[in-house]
>>> print(open('input-v6.cif').read())   # mmCIF, N, CA, C and O atoms
data_entry
loop_
_atom_site.label_atom_id
_atom_site.label_comp_id
_atom_site.auth_asym_id
_atom_site.auth_seq_id
_atom_site.Cartn_x
_atom_site.Cartn_y
_atom_site.Cartn_z
N MET A 1 3.42 15.54 3.25
CA MET A 1 3.31 15.08 1.88
C MET A 1 1.87 15.25 1.41
O MET A 1 0.93 14.90 2.11
N ASN A 2 1.69 15.76 0.24
CA ASN A 2 0.39 16.02 -0.35
C ASN A 2 -0.29 14.69 -0.73
O ASN A 2 0.34 13.79 -1.28
N VAL A 3 -1.58 14.58 -0.44
CA VAL A 3 -2.33 13.37 -0.74
C VAL A 3 -2.37 13.11 -2.24
O VAL A 3 -2.27 11.97 -2.69
N TYR A 4 -2.50 14.17 -3.02
CA TYR A 4 -2.54 14.01 -4.48
C TYR A 4 -1.19 13.52 -5.01
O TYR A 4 -1.15 12.70 -5.93
N PHE A 5 -0.11 14.00 -4.43
CA PHE A 5 1.21 13.55 -4.84
C PHE A 5 1.39 12.07 -4.51
O PHE A 5 1.90 11.29 -5.33
N LEU A 6 0.96 11.68 -3.33
CA LEU A 6 1.03 10.28 -2.91
C LEU A 6 0.18 9.40 -3.82
O LEU A 6 0.60 8.33 -4.25
N SER A 7 -1.00 9.87 -4.15
CA SER A 7 -1.90 9.13 -5.03
C SER A 7 -1.31 8.99 -6.43
O SER A 7 -1.42 7.93 -7.05
N THR A 8 -0.70 10.05 -6.93
CA THR A 8 -0.06 10.01 -8.26
C THR A 8 1.07 8.99 -8.26
O THR A 8 1.18 8.17 -9.19
N GLY A 9 1.90 9.03 -7.24
CA GLY A 9 3.01 8.08 -7.15
C GLY A 9 2.52 6.64 -7.03
O GLY A 9 3.04 5.73 -7.69
N PHE A 10 1.50 6.43 -6.22
CA PHE A 10 0.95 5.09 -6.05
C PHE A 10 0.37 4.57 -7.36
O PHE A 10 0.60 3.42 -7.74
N SER A 11 -0.40 5.40 -8.07
CA SER A 11 -1.03 4.94 -9.31
C SER A 11 0.02 4.64 -10.38
O SER A 11 -0.13 3.68 -11.15
N LEU A 12 1.09 5.42 -10.43
CA LEU A 12 2.15 5.16 -11.39
C LEU A 12 2.88 3.86 -11.05
O LEU A 12 3.12 3.02 -11.94
N LEU A 13 3.19 3.65 -9.79
CA LEU A 13 3.82 2.41 -9.35
C LEU A 13 2.90 1.21 -9.62
O LEU A 13 3.34 0.16 -10.07
N PHE A 14 1.62 1.41 -9.38
CA PHE A 14 0.63 0.36 -9.61
C PHE A 14 0.60 -0.04 -11.09
O PHE A 14 0.60 -1.24 -11.41
N LEU A 15 0.62 0.93 -11.98
CA LEU A 15 0.63 0.64 -13.42
C LEU A 15 1.88 -0.13 -13.82
O LEU A 15 1.82 -1.08 -14.61
N ILE A 16 3.01 0.26 -13.28
CA ILE A 16 4.27 -0.42 -13.60
C ILE A 16 4.22 -1.88 -13.12
O ILE A 16 4.63 -2.79 -13.84
N ILE A 17 3.68 -2.10 -11.93
CA ILE A 17 3.59 -3.47 -11.40
C ILE A 17 2.65 -4.32 -12.25
O ILE A 17 2.97 -5.47 -12.58
N ILE A 18 1.50 -3.77 -12.65
CA ILE A 18 0.55 -4.51 -13.47
C ILE A 18 1.17 -4.88 -14.81
O ILE A 18 1.07 -6.03 -15.27
N ILE A 19 1.83 -3.93 -15.45
CA ILE A 19 2.47 -4.20 -16.75
C ILE A 19 3.56 -5.25 -16.59
O ILE A 19 3.70 -6.15 -17.44
N ASP A 20 4.32 -5.20 -15.50
CA ASP A 20 5.36 -6.19 -15.27
C ASP A 20 4.76 -7.59 -15.04
O ASP A 20 5.29 -8.58 -15.53
N LEU A 21 3.65 -7.65 -14.31
CA LEU A 21 2.99 -8.94 -14.09
C LEU A 21 2.48 -9.55 -15.39
O LEU A 21 2.57 -10.76 -15.60
N VAL A 22 1.95 -8.70 -16.28
CA VAL A 22 1.49 -9.19 -17.58
C VAL A 22 2.68 -9.64 -18.41
O VAL A 22 2.65 -10.70 -19.06
N ARG A 23 3.75 -8.87 -18.38
CA ARG A 23 4.95 -9.20 -19.16
C ARG A 23 5.54 -10.54 -18.73
O ARG A 23 5.96 -11.35 -19.57
N ARG A 24 5.53 -10.82 -17.43
CA ARG A 24 6.06 -12.08 -16.92
C ARG A 24 5.02 -13.19 -16.94
O ARG A 24 5.25 -14.27 -16.41
N GLN A 25 3.84 -12.92 -17.51
CA GLN A 25 2.73 -13.87 -17.66
C GLN A 25 2.24 -14.41 -16.33
O GLN A 25 1.83 -15.55 -16.21
N ARG A 26 2.26 -13.57 -15.32
CA ARG A 26 1.71 -13.94 -14.01
C ARG A 26 0.29 -13.42 -13.85
O ARG A 26 -0.40 -13.78 -12.90
N LEU A 27 -0.14 -12.57 -14.79
CA LEU A 27 -1.49 -12.01 -14.80
C LEU A 27 -2.00 -12.07 -16.23
O LEU A 27 -1.31 -11.62 -17.16
N LYS A 28 -3.18 -12.65 -16.41
CA LYS A 28 -3.74 -12.76 -17.76
C LYS A 28 -4.19 -11.40 -18.26
O LYS A 28 -4.62 -10.54 -17.49
N GLU A 29 -4.10 -11.23 -19.58
CA GLU A 29 -4.42 -9.95 -20.19
C GLU A 29 -5.87 -9.55 -19.95
O GLU A 29 -6.18 -8.38 -19.77
N GLN A 30 -6.78 -10.53 -19.95
CA GLN A 30 -8.19 -10.22 -19.79
C GLN A 30 -8.48 -9.57 -18.43
O GLN A 30 -9.38 -8.77 -18.31
N TYR A 31 -7.73 -9.95 -17.41
CA TYR A 31 -7.93 -9.34 -16.09
C TYR A 31 -7.10 -8.06 -15.93
O TYR A 31 -7.48 -7.16 -15.19
N SER A 32 -5.98 -8.01 -16.61
CA SER A 32 -5.11 -6.85 -16.46
C SER A 32 -5.73 -5.60 -17.06
O SER A 32 -5.43 -4.50 -16.63
N LEU A 33 -6.59 -5.75 -18.04
CA LEU A 33 -7.20 -4.59 -18.68
C LEU A 33 -7.97 -3.74 -17.68
O LEU A 33 -7.83 -2.52 -17.65
N LEU A 34 -8.74 -4.39 -16.81
CA LEU A 34 -9.48 -3.64 -15.80
C LEU A 34 -8.54 -2.92 -14.84
O LEU A 34 -8.75 -1.77 -14.46
N TRP A 35 -7.47 -3.60 -14.45
CA TRP A 35 -6.51 -3.00 -13.52
C TRP A 35 -5.77 -1.83 -14.17
O TRP A 35 -5.52 -0.82 -13.53
N ILE A 36 -5.41 -2.00 -15.43
CA ILE A 36 -4.71 -0.91 -16.14
C ILE A 36 -5.64 0.29 -16.29
O ILE A 36 -5.22 1.43 -16.06
N LEU A 37 -6.89 0.05 -16.65
CA LEU A 37 -7.85 1.16 -16.77
C LEU A 37 -8.04 1.86 -15.42
O LEU A 37 -8.12 3.09 -15.36
N PHE A 38 -8.10 1.09 -14.36
CA PHE A 38 -8.23 1.68 -13.03
C PHE A 38 -7.01 2.53 -12.70
O PHE A 38 -7.13 3.65 -12.19
N GLY A 39 -5.82 2.01 -12.99
CA GLY A 39 -4.59 2.75 -12.71
C GLY A 39 -4.52 4.05 -13.50
O GLY A 39 -4.12 5.09 -12.98
N ILE A 40 -4.92 3.99 -14.78
CA ILE A 40 -4.91 5.20 -15.61
C ILE A 40 -5.92 6.21 -15.09
O ILE A 40 -5.63 7.41 -15.02
N ALA A 41 -7.12 5.74 -14.72
CA ALA A 41 -8.13 6.65 -14.19
C ALA A 41 -7.67 7.29 -12.88
O ALA A 41 -7.83 8.50 -12.68
N LEU A 42 -7.09 6.50 -12.01
CA LEU A 42 -6.59 7.04 -10.74
C LEU A 42 -5.45 8.02 -10.98
O LEU A 42 -5.39 9.08 -10.33
N PHE A 43 -4.57 7.70 -11.92
CA PHE A 43 -3.48 8.61 -12.26
C PHE A 43 -4.02 9.93 -12.80
O PHE A 43 -3.58 11.01 -12.40
N GLY A 44 -5.00 9.84 -13.70
CA GLY A 44 -5.61 11.05 -14.27
C GLY A 44 -6.31 11.90 -13.21
O GLY A 44 -6.18 13.13 -13.21
N LEU A 45 -7.04 11.25 -12.32
CA LEU A 45 -7.71 11.99 -11.26
C LEU A 45 -6.71 12.61 -10.29
O LEU A 45 -6.94 13.71 -9.77
N SER A 46 -5.62 11.92 -10.05
CA SER A 46 -4.60 12.44 -9.13
C SER A 46 -3.91 13.67 -9.72
O SER A 46 -3.52 14.57 -8.98
N LEU A 47 -3.77 13.70 -11.02
CA LEU A 47 -3.12 14.84 -11.66
C LEU A 47 -4.05 16.04 -11.80
O LEU A 47 -3.60 17.18 -11.79
N ASN A 48 -5.34 15.78 -11.93
CA ASN A 48 -6.30 16.86 -12.14
C ASN A 48 -7.13 17.08 -10.87
O ASN A 48 -8.19 16.50 -10.69
N ILE A 49 -6.62 17.93 -10.01
CA ILE A 49 -7.25 18.19 -8.71
C ILE A 49 -8.63 18.83 -8.88
O ILE A 49 -9.54 18.56 -8.11
N ARG A 50 -8.80 19.64 -9.90
CA ARG A 50 -10.08 20.34 -10.09
C ARG A 50 -11.23 19.38 -10.31
O ARG A 50 -12.34 19.60 -9.82
N ILE A 51 -10.99 18.31 -11.06
CA ILE A 51 -12.06 17.33 -11.30
C ILE A 51 -12.46 16.66 -9.99
O ILE A 51 -13.65 16.50 -9.71
N VAL A 52 -11.47 16.28 -9.20
CA VAL A 52 -11.75 15.63 -7.92
C VAL A 52 -12.55 16.58 -7.02
O VAL A 52 -13.54 16.18 -6.41
N GLU A 53 -12.12 17.83 -6.95
CA GLU A 53 -12.82 18.81 -6.10
C GLU A 53 -14.22 19.10 -6.61
O GLU A 53 -15.15 19.29 -5.82
N LYS A 54 -14.40 19.10 -7.92
CA LYS A 54 -15.73 19.34 -8.50
C LYS A 54 -16.68 18.22 -8.14
O LYS A 54 -17.81 18.46 -7.70
N PHE A 55 -16.23 16.96 -8.30
CA PHE A 55 -17.07 15.82 -7.94
C PHE A 55 -17.33 15.78 -6.43
O PHE A 55 -18.42 15.41 -6.00
N ALA A 56 -16.33 16.15 -5.65
CA ALA A 56 -16.51 16.19 -4.20
C ALA A 56 -17.58 17.21 -3.81
O ALA A 56 -18.41 16.95 -2.94
N ASN A 57 -17.57 18.36 -4.47
CA ASN A 57 -18.60 19.37 -4.20
C ASN A 57 -19.98 18.89 -4.61
O ASN A 57 -20.97 19.12 -3.90
N ILE A 58 -20.06 18.22 -5.75
CA ILE A 58 -21.36 17.70 -6.22
C ILE A 58 -21.91 16.69 -5.23
O ILE A 58 -23.11 16.69 -4.93
N LEU A 59 -21.05 15.82 -4.71
CA LEU A 59 -21.47 14.79 -3.77
C LEU A 59 -21.46 15.27 -2.32
O LEU A 59 -21.73 14.48 -1.40
N ASP A 60 -21.14 16.54 -2.11
CA ASP A 60 -21.09 17.15 -0.79
C ASP A 60 -20.10 16.43 0.14
O ASP A 60 -20.40 16.15 1.30
N ILE A 61 -18.94 16.12 -0.42
CA ILE A 61 -17.86 15.51 0.36
C ILE A 61 -16.93 16.64 0.79
O ILE A 61 -16.43 17.38 -0.04
N LYS A 62 -16.71 16.79 2.08
CA LYS A 62 -15.96 17.92 2.61
C LYS A 62 -14.46 17.85 2.32
O LYS A 62 -13.81 18.85 2.12
N TYR A 63 -13.91 16.64 2.30
CA TYR A 63 -12.48 16.46 2.08
C TYR A 63 -12.31 15.82 0.70
O TYR A 63 -12.53 14.62 0.51
N ALA A 64 -11.95 16.63 -0.28
CA ALA A 64 -11.92 16.21 -1.68
C ALA A 64 -11.05 14.97 -1.95
O ALA A 64 -11.45 14.11 -2.73
N PRO A 65 -9.87 14.83 -1.35
CA PRO A 65 -9.08 13.62 -1.62
C PRO A 65 -9.78 12.32 -1.23
O PRO A 65 -9.43 11.25 -1.71
N ALA A 66 -10.78 12.41 -0.37
CA ALA A 66 -11.53 11.20 -0.02
C ALA A 66 -12.24 10.62 -1.24
O ALA A 66 -12.57 9.43 -1.27
N MET A 67 -12.46 11.45 -2.25
CA MET A 67 -13.06 10.97 -3.50
C MET A 67 -12.18 9.90 -4.15
O MET A 67 -12.68 8.96 -4.74
N LEU A 68 -10.87 10.08 -4.07
CA LEU A 68 -9.97 9.08 -4.64
C LEU A 68 -10.15 7.73 -3.96
O LEU A 68 -10.16 6.69 -4.61
N PHE A 69 -10.29 7.74 -2.64
CA PHE A 69 -10.49 6.50 -1.91
C PHE A 69 -11.86 5.90 -2.21
O PHE A 69 -12.00 4.69 -2.32
N LEU A 70 -12.87 6.76 -2.34
CA LEU A 70 -14.20 6.30 -2.71
C LEU A 70 -14.17 5.65 -4.09
O LEU A 70 -14.74 4.58 -4.29
N PHE A 71 -13.48 6.27 -5.01
CA PHE A 71 -13.34 5.74 -6.36
C PHE A 71 -12.67 4.37 -6.32
O PHE A 71 -13.12 3.41 -6.96
N GLY A 72 -11.60 4.25 -5.55
CA GLY A 72 -10.90 2.97 -5.43
C GLY A 72 -11.77 1.89 -4.80
O GLY A 72 -11.77 0.75 -5.25
N LEU A 73 -12.52 2.26 -3.78
CA LEU A 73 -13.39 1.30 -3.11
C LEU A 73 -14.49 0.82 -4.05
O LEU A 73 -14.78 -0.38 -4.11
N LEU A 74 -15.09 1.72 -4.80
CA LEU A 74 -16.12 1.34 -5.76
C LEU A 74 -15.55 0.43 -6.84
O LEU A 74 -16.19 -0.55 -7.25
N PHE A 75 -14.34 0.73 -7.30
CA PHE A 75 -13.70 -0.14 -8.29
C PHE A 75 -13.49 -1.54 -7.72
O PHE A 75 -13.73 -2.54 -8.40
N CYS A 76 -13.05 -1.61 -6.47
CA CYS A 76 -12.83 -2.92 -5.84
C CYS A 76 -14.13 -3.72 -5.78
O CYS A 76 -14.13 -4.93 -6.05
N PHE A 77 -15.23 -3.07 -5.45
CA PHE A 77 -16.51 -3.76 -5.42
C PHE A 77 -16.89 -4.30 -6.80
O PHE A 77 -17.34 -5.43 -6.93
N VAL A 78 -16.71 -3.48 -7.82
CA VAL A 78 -17.04 -3.91 -9.19
C VAL A 78 -16.14 -5.06 -9.60
O VAL A 78 -16.59 -6.04 -10.20
N PHE A 79 -14.85 -4.97 -9.27
CA PHE A 79 -13.93 -6.03 -9.66
C PHE A 79 -14.21 -7.33 -8.91
O PHE A 79 -14.12 -8.41 -9.48
N ILE A 80 -14.57 -7.23 -7.65
CA ILE A 80 -14.93 -8.43 -6.88
C ILE A 80 -16.18 -9.08 -7.48
O ILE A 80 -16.25 -10.31 -7.60
N LEU A 81 -17.14 -8.27 -7.89
CA LEU A 81 -18.33 -8.80 -8.56
C LEU A 81 -17.94 -9.52 -9.84
O LEU A 81 -18.42 -10.62 -10.13
N HIS A 82 -17.06 -8.92 -10.63
CA HIS A 82 -16.60 -9.53 -11.87
C HIS A 82 -15.93 -10.88 -11.59
O HIS A 82 -16.20 -11.88 -12.26
N LEU A 83 -15.05 -10.92 -10.59
CA LEU A 83 -14.37 -12.17 -10.26
C LEU A 83 -15.33 -13.23 -9.74
O LEU A 83 -15.17 -14.42 -10.02
N THR A 84 -16.36 -12.81 -9.02
CA THR A 84 -17.37 -13.75 -8.54
C THR A 84 -18.12 -14.37 -9.71
O THR A 84 -18.41 -15.57 -9.71
N ILE A 85 -18.42 -13.57 -10.72
CA ILE A 85 -19.09 -14.10 -11.91
C ILE A 85 -18.18 -15.09 -12.62
O ILE A 85 -18.62 -16.17 -13.04
N VAL A 86 -16.90 -14.76 -12.75
CA VAL A 86 -15.94 -15.67 -13.40
C VAL A 86 -15.85 -16.98 -12.61
O VAL A 86 -15.86 -18.07 -13.20
N ILE A 87 -15.77 -16.90 -11.30
CA ILE A 87 -15.68 -18.10 -10.46
C ILE A 87 -16.94 -18.94 -10.61
O ILE A 87 -16.87 -20.18 -10.67
N SER A 88 -18.10 -18.30 -10.68
CA SER A 88 -19.35 -19.04 -10.85
C SER A 88 -19.36 -19.81 -12.16
O SER A 88 -19.77 -20.98 -12.20
N LYS A 89 -18.91 -19.16 -13.23
CA LYS A 89 -18.85 -19.84 -14.53
C LYS A 89 -17.87 -21.01 -14.48
O LYS A 89 -18.15 -22.09 -15.01
N LEU A 90 -16.71 -20.80 -13.86
CA LEU A 90 -15.72 -21.86 -13.76
C LEU A 90 -16.22 -23.03 -12.91
O LEU A 90 -15.94 -24.19 -13.22
N THR A 91 -16.96 -22.74 -11.87
CA THR A 91 -17.54 -23.79 -11.03
C THR A 91 -18.49 -24.65 -11.84
O THR A 91 -18.47 -25.88 -11.74
N ASP A 92 -19.33 -24.02 -12.66
CA ASP A 92 -20.25 -24.77 -13.51
C ASP A 92 -19.48 -25.64 -14.51
O ASP A 92 -19.84 -26.80 -14.74
N ARG A 93 -18.42 -25.10 -15.08
CA ARG A 93 -17.62 -25.86 -16.04
C ARG A 93 -16.93 -27.05 -15.39
O ARG A 93 -16.86 -28.14 -15.96
N VAL A 94 -16.42 -26.87 -14.17
CA VAL A 94 -15.77 -27.96 -13.46
C VAL A 94 -16.79 -29.05 -13.13
O VAL A 94 -16.50 -30.26 -13.26
N LEU A 95 -17.99 -28.66 -12.74
CA LEU A 95 -19.03 -29.63 -12.44
C LEU A 95 -19.38 -30.45 -13.68
O LEU A 95 -19.45 -31.68 -13.62
N LYS A 96 -19.58 -29.78 -14.81
CA LYS A 96 -19.89 -30.49 -16.05
C LYS A 96 -18.74 -31.39 -16.48
O LYS A 96 -18.96 -32.52 -16.93
N LEU A 97 -17.51 -30.91 -16.32
CA LEU A 97 -16.35 -31.72 -16.67
C LEU A 97 -16.25 -32.96 -15.78
O LEU A 97 -15.99 -34.07 -16.26
N SER A 98 -16.49 -32.79 -14.50
CA SER A 98 -16.45 -33.92 -13.56
C SER A 98 -17.52 -34.95 -13.92
O SER A 98 -17.27 -36.17 -13.88
N GLN A 99 -18.71 -34.49 -14.26
CA GLN A 99 -19.78 -35.40 -14.64
C GLN A 99 -19.44 -36.14 -15.93
O GLN A 99 -19.68 -37.35 -16.04
N THR A 100 -18.85 -35.44 -16.89
CA THR A 100 -18.46 -36.07 -18.15
C THR A 100 -17.40 -37.13 -17.92
O THR A 100 -17.47 -38.23 -18.48
N ILE A 101 -16.43 -36.83 -17.10
CA ILE A 101 -15.37 -37.81 -16.79
C ILE A 101 -15.96 -39.03 -16.08
O ILE A 101 -15.61 -40.17 -16.39
N ALA A 102 -16.89 -38.81 -15.16
CA ALA A 102 -17.51 -39.93 -14.45
C ALA A 102 -18.30 -40.82 -15.42
O ALA A 102 -18.24 -42.06 -15.33
N ILE A 103 -19.01 -40.21 -16.35
CA ILE A 103 -19.75 -40.97 -17.35
C ILE A 103 -18.80 -41.77 -18.23
O ILE A 103 -19.03 -42.96 -18.51
N MET A 104 -17.69 -41.14 -18.67
CA MET A 104 -16.73 -41.82 -19.52
C MET A 104 -16.06 -42.98 -18.78
O MET A 104 -15.86 -44.06 -19.35
N GLU A 105 -15.76 -42.82 -17.51
CA GLU A 105 -15.17 -43.90 -16.73
C GLU A 105 -16.15 -45.05 -16.55
O GLU A 105 -15.77 -46.23 -16.63
N GLN A 106 -17.41 -44.71 -16.34
CA GLN A 106 -18.43 -45.77 -16.20
C GLN A 106 -18.59 -46.53 -17.51
O GLN A 106 -18.69 -47.76 -17.50
N GLU A 107 -18.58 -45.82 -18.63
CA GLU A 107 -18.67 -46.48 -19.94
C GLU A 107 -17.45 -47.38 -20.18
O GLU A 107 -17.59 -48.49 -20.72
N ARG A 108 -16.30 -46.94 -19.80
CA ARG A 108 -15.07 -47.72 -19.97
C ARG A 108 -15.12 -48.99 -19.13
O ARG A 108 -14.75 -50.07 -19.57
N ARG A 109 -15.63 -48.87 -17.91
CA ARG A 109 -15.77 -50.05 -17.04
C ARG A 109 -16.76 -51.05 -17.63
O ARG A 109 -16.56 -52.26 -17.55
N ASN A 110 -17.85 -50.53 -18.20
CA ASN A 110 -18.87 -51.40 -18.78
C ASN A 110 -18.33 -52.12 -20.01
O ASN A 110 -18.75 -53.25 -20.27
N GLU A 111 -17.44 -51.48 -20.76
CA GLU A 111 -16.86 -52.12 -21.94
C GLU A 111 -15.94 -53.27 -21.55
O GLU A 111 -15.83 -54.25 -22.26
N HIS A 112 -15.22 -53.12 -20.45
CA HIS A 112 -14.27 -54.15 -20.02
C HIS A 112 -14.95 -55.30 -19.29
O HIS A 112 -14.34 -56.34 -19.07
N ASP A 113 -16.17 -55.14 -18.87
CA ASP A 113 -16.89 -56.21 -18.17
C ASP A 113 -17.49 -57.21 -19.09
O ASP A 113 -17.68 -57.33 -20.15
#
>>> encode(input="input-v6.cif", output="structure tokens")
Amino acid sequence: MNVYFLSTGFSLLFLIIIIDLVRRQRLKEQYSLLWILFGIALFGLSLNIRIVEKFANILDIKYAPAMLFLFGLLFCFVFILHLTIVISKLTDRVLKLSQTIAIMEQERRNEHD
């Protein structure tokens, strides 16, 4: 089986799964956009072998399909960084919310005393 054929099939299946997850509201639209763009890019690269081989030659990669895996790995790193930033912001918000609730509870106790 050809690696490009396998990659094309995987990217198409991946796009269908992402769209289904968004449709069933199991994945928020703001996160799905990155995944959909990745799936479209992977699908496009899988269909156009010349682009993959051209980039592989520029980067001196001997096995051109390895570019697809490199592309996927780089995307995963970028997406993990994005999720880490989101988690950091949410952690700050939870901390502020917890502090606000503690202050409100203390004020409520002081009113009843």
>>> atom_distance(input="input-v6.cif", atom1="atom CA of Tyr4 of chain A", atom2="atom C of Leu73 of chain A")
17.8 Å
>>> atom_distance(input="input-v6.cif", atom1="atom CA of Ala66 of chain A", atom2="atom N of Lys54 of chain A")
11.5 Å
>>> atom_distance(input="input-v6.cif", atom1="atom CA of Asp20 of chain A", atom2="atom CA of Ser88 of chain A")
28.2 Å
>>> axis_aligned_box(input="input-v6.cif", around="segment 40-49 of chain A", padding_each_side="6 Å", output="JSON")
{"center_x": -6.3, "center_y": 11.4, "center_z": -11.9, "size_x": 18.4, "size_y": 26.8, "size_z": 19.5}
>>> closest_residue(input="input-v6.cif", among="A:Ile101, A:Leu74, A:Ile51, A:Leu42", to="Leu12 of chain A", atoms="all atoms listed in the file")
A:Leu42
>>> residues_around(input="input-v6.cif", residues="Thr8 of chain A", least_positions_apart="5", cutoff="7 Å", atoms="all atoms listed in the file", output="short mmCIF file (atom, residue, chain, number, x, y, z; two decimals) with N, CA, C and O atoms, keeping the file's coordinate frame")
data_model
loop_
_atom_site.label_atom_id
_atom_site.label_comp_id
_atom_site.auth_asym_id
_atom_site.auth_seq_id
_atom_site.Cartn_x
_atom_site.Cartn_y
_atom_site.Cartn_z
N ASN A 2 1.69 15.76 0.24
CA ASN A 2 0.39 16.02 -0.35
C ASN A 2 -0.29 14.69 -0.73
O ASN A 2 0.34 13.79 -1.28
N VAL A 3 -1.58 14.58 -0.44
CA VAL A 3 -2.33 13.37 -0.74
C VAL A 3 -2.37 13.11 -2.24
O VAL A 3 -2.27 11.97 -2.69
N LEU A 13 3.19 3.65 -9.79
CA LEU A 13 3.82 2.41 -9.35
C LEU A 13 2.90 1.21 -9.62
O LEU A 13 3.34 0.16 -10.07
N PHE A 14 1.62 1.41 -9.38
CA PHE A 14 0.63 0.36 -9.61
C PHE A 14 0.60 -0.04 -11.09
O PHE A 14 0.60 -1.24 -11.41
N LEU A 42 -7.09 6.50 -12.01
CA LEU A 42 -6.59 7.04 -10.74
C LEU A 42 -5.45 8.02 -10.98
O LEU A 42 -5.39 9.08 -10.33
N PHE A 43 -4.57 7.70 -11.92
CA PHE A 43 -3.48 8.61 -12.26
C PHE A 43 -4.02 9.93 -12.80
O PHE A 43 -3.58 11.01 -12.40
N SER A 46 -5.62 11.92 -10.05
CA SER A 46 -4.60 12.44 -9.13
C SER A 46 -3.91 13.67 -9.72
O SER A 46 -3.52 14.57 -8.98
N LEU A 47 -3.77 13.70 -11.02
CA LEU A 47 -3.12 14.84 -11.66
C LEU A 47 -4.05 16.04 -11.80
O LEU A 47 -3.60 17.18 -11.79
#
>>> residues_around(input="input-v6.cif", residues="Leu15 of chain A", least_positions_apart="6", cutoff="7 Å", atoms="all atoms listed in the file", output="ChimeraX atom specification")
/A:9,21,35-36,39-40
>>> build_atoms(input="input-v6.cif", residues="segment 39-44 of chain A", atoms="all heavy atoms", output="short mmCIF file (atom, residue, chain, number, x, y, z; two decimals), in the coordinates of the input")
data_model
loop_
_atom_site.label_atom_id
_atom_site.label_comp_id
_atom_site.auth_asym_id
_atom_site.auth_seq_id
_atom_site.Cartn_x
_atom_site.Cartn_y
_atom_site.Cartn_z
N GLY A 39 -5.82 2.01 -12.99
CA GLY A 39 -4.59 2.75 -12.71
C GLY A 39 -4.52 4.05 -13.50
O GLY A 39 -4.12 5.09 -12.98
N ILE A 40 -4.92 3.99 -14.78
CA ILE A 40 -4.91 5.20 -15.61
C ILE A 40 -5.92 6.21 -15.09
O ILE A 40 -5.63 7.41 -15.02
CB ILE A 40 -5.19 4.83 -17.08
CG1 ILE A 40 -3.99 4.07 -17.66
CG2 ILE A 40 -5.50 6.06 -17.91
CD1 ILE A 40 -4.25 3.46 -19.03
N ALA A 41 -7.12 5.74 -14.72
CA ALA A 41 -8.13 6.65 -14.19
C ALA A 41 -7.67 7.29 -12.88
O ALA A 41 -7.83 8.50 -12.68
CB ALA A 41 -9.45 5.90 -13.98
N LEU A 42 -7.09 6.50 -12.01
CA LEU A 42 -6.59 7.04 -10.74
C LEU A 42 -5.45 8.02 -10.98
O LEU A 42 -5.39 9.08 -10.33
CB LEU A 42 -6.12 5.90 -9.83
CG LEU A 42 -5.68 6.29 -8.43
CD1 LEU A 42 -6.83 6.94 -7.68
CD2 LEU A 42 -5.18 5.07 -7.67
N PHE A 43 -4.57 7.70 -11.92
CA PHE A 43 -3.48 8.61 -12.26
C PHE A 43 -4.02 9.93 -12.80
O PHE A 43 -3.58 11.01 -12.40
CB PHE A 43 -2.55 7.93 -13.28
CG PHE A 43 -1.34 8.73 -13.63
CD1 PHE A 43 -0.31 8.88 -12.71
CD2 PHE A 43 -1.21 9.34 -14.86
CE1 PHE A 43 0.82 9.63 -13.02
CE2 PHE A 43 -0.09 10.08 -15.19
CZ PHE A 43 0.93 10.22 -14.26
N GLY A 44 -5.00 9.84 -13.70
CA GLY A 44 -5.61 11.05 -14.27
C GLY A 44 -6.31 11.90 -13.21
O GLY A 44 -6.18 13.13 -13.21
#
